[in-house]
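J.: Submitted below is the structure of interest, expressed as structure tokens.
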Amino acid sequence: RNNLSLLSPQQIDLAKMLLEKNQSHLFKHWPDPGVDDDKKLAFFDQVNRLDASYPGGLASYIETAKGLLADSKAGKNPFDGFAPSVPSGEVLTFGEDNFIQFEETGIKEAQNAAFVLVAGGLGERLGYNGIKVALPSESTTDTCFLQRYIESILALQDASYRSMQGEFKRDIPFAIMTSDDTHSRTLELLKTNNYFGMNPKQVHLLKQEKVACLDDNDARLAVDPQNAFTIQTKPHGHGDVHALLYSSGLLKEWHDAGLRWVLFFQDTNGLLFKAIPASLGVSATKKYHVNSLAVPRKAKEAIGGITKLTHSDGRTMVINVEYNQLDPLLRASGYPDGDVNDETGFSPFPGNINQLILELGPYIEELTKTRGAIKEFVNPKYKDSTKTAFKSSTRLECMMQDYPKTLPPSARVGFTVMDAWLAYAPVKNNPEDAAKVPKGNPYHSATSGEMAIYKANSLVLRKVGVEVDDPVRQVFNGQEVEVWPRIAWKPDWALTFGEIKKKVSGKCSISQKSTMVINGRNIFLEDLSLDGALVIGCIDDAEVKVGGSVQNKGWTIENVDFKDASEPEKVRIRGFKINKIEQLEKNYSEPGKFSLKP
Ligand code: UGB
């Protein structure tokens, strides 16, 4: 009370709110005016930030927390009354006729799309010290995830423009959600690389704030153990992206500009853009308000399962059920074995890869009602079975894929399943954890993420008739993986099946030990036999036909132990490095038509 004279009317209102919400402990140790006044004002700055960045303010956060903590203490099942079943969705196979048609539609729609990358997570599971988007997606070209994403969006933009015969050109907006943990490093990565060729005006960084931690079942806010004038905070989860897009005004801007789709994706999936054109085509064709991308999922794999939930009162929804909840939900609902593989070798519940395509109109309509607030959950670690005290402070969390939970039953919510080899290879697990993944389940490590890119490129080339040798199996960091030829191309070489088909002709073959890097839109492979390394590039105004027999010692793969401190972390976590022994390298920097036939 003595300190009131220090505060502005707005700060006094915040103080009153905190007292009303049973938070007087936050002020208990406050000394008289004159002592630590700057710290007291800094405290209110923080309270103000916490209040402003949460839909409904801090008071609403505390109330929601009380309710969710009470439910958690009572052991209330969040799926009470709901029975799970396997939903039906669009299942696509790369290269089939409907896949090609969806791709063509998707390419046209791309210029009505905006992309949103959620990149606020630090990736504790990966044990990497940098930001994850700066990690190389593969080490043949050392292209980091952010570069791969941006170049893919730009390639999509150009392909879309070409598909409309140059009628209308729009730059695709790209928003990145960062957090205090990733913001400055993401910005620096963009700036030092000239935004990887994207117009900086296309890029929007939105920083998510952390939320207040909770000390007990009464939702008393936790004081930071390091600083008694600060409330302890932790990340709120990727679900923040909806509130941020709404409050920043970006959604309105995009809507006013005539955009129709918002595509959300995660920080480390090097395959994703191979699946984007077709799934956007599915959204447009099926008129889905929400389209989640999914892949066949091994039972108990650490990705959520897309599930149909039917309530006893008749309500239904198709929603992601997080991996730790799916098994108990199934066991409690007449599936005594829980989450198990069926005769196909996979769980019948498709795996959520957290790539969502939302139709902008209905999305804005919904967010106007909710302000982007997403159904939250709390996951306290209790000291004992009385559930009266926590081992450490907890907080509310939310997930972006829970957006459909508040939608009316009339909303068209669907999903699209693609082969995992084509669409999903995230980098999430550190080498030690990855090596412990049950045999047959994906490792989701830097090792598997990189090898998956080579595999996908090899399989895609096989589909258009290239003879690509079978892979060999090799162990890196305790993980046995398939090693395919190291094939990498810039997204503007080809994004879709149709485009790839146009770039390859005659009888082409690539041996397992080979490396092929393609940097240039107009490079055509014709009767090429590759047994070694080939690195070929050209400017947009040049056209190069590559054929004949390329044979050299090539680039080899050398094992690196993840404990070998003499190697950089980005190398150690994948367990190998590339030795560039011998290659044929050619770059065409003048306009014109060329032929390379060694
Ligand atoms: N992220 C943020 O931007 N902010 C945050 O506060 C937290 C994360 P994780 P998770 O694809 O395999 C998700 O940690 O949350 C970003 C789905 O919930 O990699 O354990 C972060 O930077 C799950 O259903 O994954 O699991 C990253 O880009 C399943 O689909 C993204 O959010 C799983 O991903 C995901 O964060 C999966």
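Identifiers in this document derive from the order of the structure tokens: chains are assigned A, B, ..., residues are numbered from 1 separately in each chain, and ligands are numbered from 1 in order of occurrence.
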So which residues are near ligand 1, meaning at most 8 Å away with only C-alpha atoms and all ligand atoms counted, given back as an MDAnalysis selection string?

T.: chainID A and resid 117:125 132 177:179 208 210 235:241 265:268 302:305 320:323 351:355 399:401 426 428

J.: Can you list, as an MDAnalysis selection string, all residues belonging to segment 280-517 of chain A that DSSP tags as strand (DSSP E or B)?

T.: chainID A and resid 290:297 305:311 316:321 347:359 376:378 382 390 394 396:398 413:417 426 429 445 467:468 472:476 479:483 486:489 504:505 509:510 515:517

J.: With C-alpha atoms kept, could you save the residues just selected as a short mmCIF file (atom, residue, chain, number, x, y, z; two decimals), in the first residue's frame?

T.:
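The file below, again07.cif, is the result:
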```
data_model
loop_
_atom_site.label_atom_id
_atom_site.label_comp_id
_atom_site.auth_asym_id
_atom_site.auth_seq_id
_atom_site.Cartn_x
_atom_site.Cartn_y
_atom_site.Cartn_z
CA VAL A 290 -8.99 -26.80 -42.19
CA ASN A 291 -6.70 -29.32 -43.87
CA SER A 292 -4.07 -31.08 -41.75
CA LEU A 293 -1.23 -32.89 -43.42
CA ALA A 294 -0.60 -36.35 -42.11
CA VAL A 295 1.60 -39.37 -42.76
CA PRO A 296 1.17 -43.04 -41.86
CA ARG A 297 2.18 -43.28 -38.23
CA GLY A 305 -2.68 -39.00 -34.21
CA ILE A 306 -5.53 -37.53 -36.27
CA THR A 307 -8.66 -38.90 -34.68
CA LYS A 308 -12.40 -38.61 -35.11
CA LEU A 309 -14.02 -37.90 -31.76
CA THR A 310 -17.74 -38.49 -31.40
CA HIS A 311 -19.47 -37.20 -28.29
CA THR A 316 -18.08 -34.89 -33.79
CA MET A 317 -14.70 -33.42 -34.58
CA VAL A 318 -11.59 -34.49 -36.45
CA ILE A 319 -8.68 -33.42 -34.35
CA ASN A 320 -5.11 -34.20 -33.41
CA VAL A 321 -4.80 -36.25 -30.23
CA SER A 347 -1.34 -47.29 -36.48
CA PRO A 348 -4.79 -46.78 -38.05
CA PHE A 349 -4.61 -43.16 -36.82
CA PRO A 350 -2.68 -41.02 -39.32
CA GLY A 351 0.23 -39.04 -37.85
CA ASN A 352 -0.17 -35.29 -37.55
CA ILE A 353 2.84 -33.48 -39.01
CA ASN A 354 1.51 -30.12 -37.88
CA GLN A 355 1.25 -28.67 -41.31
CA LEU A 356 -2.11 -26.95 -41.47
CA ILE A 357 -3.82 -25.23 -44.34
CA LEU A 358 -6.58 -22.87 -43.22
CA GLU A 359 -8.99 -21.05 -45.46
CA GLU A 376 -5.18 -24.73 -23.44
CA PHE A 377 -3.99 -27.53 -21.22
CA VAL A 378 -1.83 -27.82 -18.13
CA TYR A 382 2.91 -33.37 -8.80
CA PHE A 390 4.14 -29.40 -7.74
CA THR A 394 3.94 -25.22 -14.31
CA LEU A 396 -0.71 -23.23 -19.40
CA GLU A 397 0.19 -24.43 -22.87
CA CYS A 398 -1.52 -24.50 -26.23
CA VAL A 413 -12.28 -30.06 -41.39
CA GLY A 414 -10.30 -32.62 -43.35
CA PHE A 415 -6.87 -34.05 -43.70
CA THR A 416 -4.51 -35.28 -46.39
CA VAL A 417 -2.26 -38.29 -45.95
CA PRO A 426 11.79 -33.61 -38.91
CA ASN A 429 15.82 -35.94 -31.38
CA SER A 445 17.21 -36.98 -35.89
CA GLU A 467 17.53 -45.71 -62.76
CA VAL A 468 18.69 -44.92 -59.26
CA VAL A 472 23.18 -49.24 -48.72
CA ARG A 473 22.53 -49.46 -44.98
CA GLN A 474 24.96 -47.69 -42.69
CA VAL A 475 25.08 -46.83 -39.01
CA PHE A 476 25.72 -43.26 -37.82
CA GLN A 479 21.18 -45.29 -36.00
CA GLU A 480 20.95 -47.58 -38.98
CA VAL A 481 19.80 -45.63 -42.02
CA GLU A 482 19.49 -46.10 -45.76
CA VAL A 483 22.11 -44.16 -47.68
CA ARG A 486 23.21 -37.71 -52.37
CA ILE A 487 20.86 -35.91 -54.76
CA ALA A 488 19.94 -32.29 -54.05
CA TRP A 489 18.33 -29.59 -56.13
CA VAL A 504 14.39 -35.57 -67.25
CA SER A 505 14.44 -37.56 -70.50
CA SER A 509 21.13 -43.62 -64.27
CA ILE A 510 22.71 -42.69 -60.95
CA THR A 515 26.29 -37.03 -55.60
CA MET A 516 24.26 -34.74 -57.83
CA VAL A 517 23.64 -31.07 -57.07
#
```

J.: Neighbouring residues of Gly106 of chain A were defined as those with any atom within 10 Å, considering only C-alpha atoms; residues of the same chain fewer than 5 positions away were excluded. Please report them as a ChimeraX atom specification.

T.: /A:100-101,111-113,156,160,276-285,496

J.: Which of these, A:Ile364, A:Leu530, A:Leu6, A:Ile539, has the shortest distance to Phe594 of chain A once you count only C-alpha atoms?

T.: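 The closest residue to Phe594 of chain A is A:Ile539.
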
J.: Which polymer residues have any atom within 10 Å of an atom of Asn77 of chain A, counting only C-alpha atoms, with same-chain residues fewer than 4 positions away left out, as a list in words?

T.: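 Neighbouring residues, sequence-local ones excluded: Asp71, Ser72, Gly81, Phe82, Gln325, Pro328, Leu329 and Ala332 of chain A.
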
J.: If we count only C-alpha atoms and set the cut-off at 10 Å, which residues sit around Glu450 of chain A, ignoring sequence neighbours fewer than 3 positions away in its own chain? Please answer as a ChimeraX atom specification.

T.: /A:136-140,269-271,425-427,444-447,453-455,483,486,574

J.: Quick one: pull the distance between atom CA of Gly547 of chain A and atom CA of Lys463 of chain A, Å, one decimal.

T.: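 Those two atoms sit 19.0 Å apart.
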
J.: Can you tell me how far atom CA of Gln46 of chain A sits from atom CA of Val223 of chain A, in Å to one decimal?

T.: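 So the answer is 12.1 Å.
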
J.: Counting only C-alpha atoms, which residue out of A:Phe273, A:Tyr246, A:Tyr424, A:Phe264 sits closest to Leu154 of chain A?

T.: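 Among A:Phe273, A:Tyr246, A:Tyr424, A:Phe264, it is A:Phe273 that comes nearest to Leu154 of chain A.
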
J.: So that I can see what lies close to Leu245 of chain A, please list as a ChimeraX atom specification the residues with an atom at most 12 Å from it, counting only C-alpha atoms and leaving out residues fewer than 2 positions away in the same chain.

T.: /A:114-118,174-177,204-208,239-243,247-255,262,264,360,363-364,367-368,371-373,400

J.: My list of candidates is A:Arg521, A:His183, A:Lys16, A:Arg148. Which is closest to Gly130 of chain A when distances are computed with only C-alpha atoms?

T.: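 That would be A:His183, the residue with the smallest distance to Gly130 of chain A.
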
J.: Would you mind telling me which residue in A:Asp470, A:Asp313, A:Glu90, A:Glu104 lies nearest to Phe497 of chain A when using only C-alpha atoms?

T.: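 Counting only C-alpha atoms, the residue closest to Phe497 of chain A is A:Glu104.
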
J.: From a backbone DSSP assignment, name each residue in segment 263-506 of chain A labelled alpha helix (DSSP H), as a ChimeraX atom specification.

T.: /A:276-286,323-331,360-370,420-423,431-435,446-463,497-503

J.: Limited to C-alpha atoms, could you put the picked residues into a file as a PDB file, in the first residue's frame?

T.:
```pdb
ATOM      1  CA  ILE A 276       2.591 -28.517 -50.330  1.00  0.00           C
ATOM      2  CA  PRO A 277       1.326 -28.123 -53.906  1.00  0.00           C
ATOM      3  CA  ALA A 278      -0.840 -31.269 -53.794  1.00  0.00           C
ATOM      4  CA  SER A 279      -2.241 -30.602 -50.328  1.00  0.00           C
ATOM      5  CA  LEU A 280      -3.088 -27.022 -51.225  1.00  0.00           C
ATOM      6  CA  GLY A 281      -4.847 -28.470 -54.251  1.00  0.00           C
ATOM      7  CA  VAL A 282      -6.825 -30.742 -51.923  1.00  0.00           C
ATOM      8  CA  SER A 283      -7.866 -27.759 -49.790  1.00  0.00           C
ATOM      9  CA  ALA A 284      -9.048 -25.826 -52.830  1.00  0.00           C
ATOM     10  CA  THR A 285     -10.817 -28.758 -54.466  1.00  0.00           C
ATOM     11  CA  LYS A 286     -12.521 -30.047 -51.320  1.00  0.00           C
ATOM     12  CA  TYR A 323       0.902 -38.836 -28.713  1.00  0.00           C
ATOM     13  CA  ASN A 324       0.881 -39.132 -24.913  1.00  0.00           C
ATOM     14  CA  GLN A 325      -2.940 -39.011 -24.833  1.00  0.00           C
ATOM     15  CA  LEU A 326      -3.851 -41.303 -27.706  1.00  0.00           C
ATOM     16  CA  ASP A 327      -2.898 -44.585 -26.069  1.00  0.00           C
ATOM     17  CA  PRO A 328      -4.792 -43.951 -22.766  1.00  0.00           C
ATOM     18  CA  LEU A 329      -7.804 -42.611 -24.698  1.00  0.00           C
ATOM     19  CA  LEU A 330      -7.970 -45.771 -26.812  1.00  0.00           C
ATOM     20  CA  ARG A 331      -7.537 -48.070 -23.813  1.00  0.00           C
ATOM     21  CA  LEU A 360      -8.496 -17.412 -44.583  1.00  0.00           C
ATOM     22  CA  GLY A 361     -12.123 -16.199 -44.700  1.00  0.00           C
ATOM     23  CA  PRO A 362     -13.561 -18.672 -42.172  1.00  0.00           C
ATOM     24  CA  TYR A 363     -10.321 -18.393 -40.168  1.00  0.00           C
ATOM     25  CA  ILE A 364     -10.699 -14.646 -39.681  1.00  0.00           C
ATOM     26  CA  GLU A 365     -14.372 -15.092 -38.864  1.00  0.00           C
ATOM     27  CA  GLU A 366     -13.496 -17.540 -36.108  1.00  0.00           C
ATOM     28  CA  LEU A 367     -10.643 -15.437 -34.753  1.00  0.00           C
ATOM     29  CA  THR A 368     -12.852 -12.393 -34.587  1.00  0.00           C
ATOM     30  CA  LYS A 369     -14.818 -14.356 -32.004  1.00  0.00           C
ATOM     31  CA  THR A 370     -11.928 -15.955 -30.121  1.00  0.00           C
ATOM     32  CA  ALA A 420       6.208 -40.190 -45.048  1.00  0.00           C
ATOM     33  CA  TRP A 421       9.185 -40.554 -47.403  1.00  0.00           C
ATOM     34  CA  LEU A 422       7.793 -37.664 -49.418  1.00  0.00           C
ATOM     35  CA  ALA A 423       6.435 -35.343 -46.758  1.00  0.00           C
ATOM     36  CA  PRO A 431      21.656 -38.832 -31.193  1.00  0.00           C
ATOM     37  CA  GLU A 432      21.370 -40.712 -27.909  1.00  0.00           C
ATOM     38  CA  ASP A 433      17.572 -40.581 -27.799  1.00  0.00           C
ATOM     39  CA  ALA A 434      17.305 -41.334 -31.508  1.00  0.00           C
ATOM     40  CA  ALA A 435      19.432 -44.461 -31.103  1.00  0.00           C
ATOM     41  CA  ALA A 446      19.638 -34.825 -37.871  1.00  0.00           C
ATOM     42  CA  THR A 447      20.968 -38.074 -39.363  1.00  0.00           C
ATOM     43  CA  SER A 448      17.600 -39.391 -40.524  1.00  0.00           C
ATOM     44  CA  GLY A 449      16.405 -35.908 -41.583  1.00  0.00           C
ATOM     45  CA  GLU A 450      19.301 -35.549 -44.009  1.00  0.00           C
ATOM     46  CA  MET A 451      19.170 -39.116 -45.335  1.00  0.00           C
ATOM     47  CA  ALA A 452      15.424 -38.689 -45.911  1.00  0.00           C
ATOM     48  CA  ILE A 453      16.061 -35.810 -48.301  1.00  0.00           C
ATOM     49  CA  TYR A 454      18.386 -37.961 -50.434  1.00  0.00           C
ATOM     50  CA  LYS A 455      15.907 -40.827 -50.332  1.00  0.00           C
ATOM     51  CA  ALA A 456      12.993 -38.640 -51.362  1.00  0.00           C
ATOM     52  CA  ASN A 457      14.929 -37.074 -54.230  1.00  0.00           C
ATOM     53  CA  SER A 458      16.071 -40.517 -55.371  1.00  0.00           C
ATOM     54  CA  LEU A 459      12.559 -41.972 -55.236  1.00  0.00           C
ATOM     55  CA  VAL A 460      11.109 -38.972 -57.028  1.00  0.00           C
ATOM     56  CA  LEU A 461      13.662 -39.384 -59.842  1.00  0.00           C
ATOM     57  CA  ARG A 462      12.908 -43.100 -59.999  1.00  0.00           C
ATOM     58  CA  LYS A 463       9.221 -42.229 -60.494  1.00  0.00           C
ATOM     59  CA  PHE A 497       5.953 -34.194 -60.303  1.00  0.00           C
ATOM     60  CA  GLY A 498       4.954 -32.536 -63.567  1.00  0.00           C
ATOM     61  CA  GLU A 499       7.930 -30.173 -63.505  1.00  0.00           C
ATOM     62  CA  ILE A 500      10.400 -32.927 -62.660  1.00  0.00           C
ATOM     63  CA  LYS A 501       9.112 -35.027 -65.516  1.00  0.00           C
ATOM     64  CA  LYS A 502       9.825 -32.182 -67.924  1.00  0.00           C
ATOM     65  CA  LYS A 503      13.418 -31.950 -66.698  1.00  0.00           C
TER      66      LYS A 503
END
```

J.: To one decimal in Å, tell me the separation between atom CA of Asp561 of chain A and atom CA of Ile573 of chain A.

T.: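 Computing it gives 8.4 Å between the two atoms.
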
J.: May I have the residues within 12 Å of Gly592 of chain A as a count of residues only, using only C-alpha atoms and disregarding those fewer than 3 positions away in the same chain?

T.: 12

J.: For each of A:Phe524, A:Trp493, A:Phe562, A:Phe44, take the minimum atom-to-atom distance to Cys508 of chain A, counting only C-alpha atoms, then give the residue where this is smallest.

T.: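 The shortest atom-to-atom distance to Cys508 of chain A comes from A:Phe524.
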
J.: Using only C-alpha atoms, which residue out of A:Thr388, A:Ser549, A:Ser53, A:Gln147 lies closest to Lys191 of chain A?

T.: A:Gln147
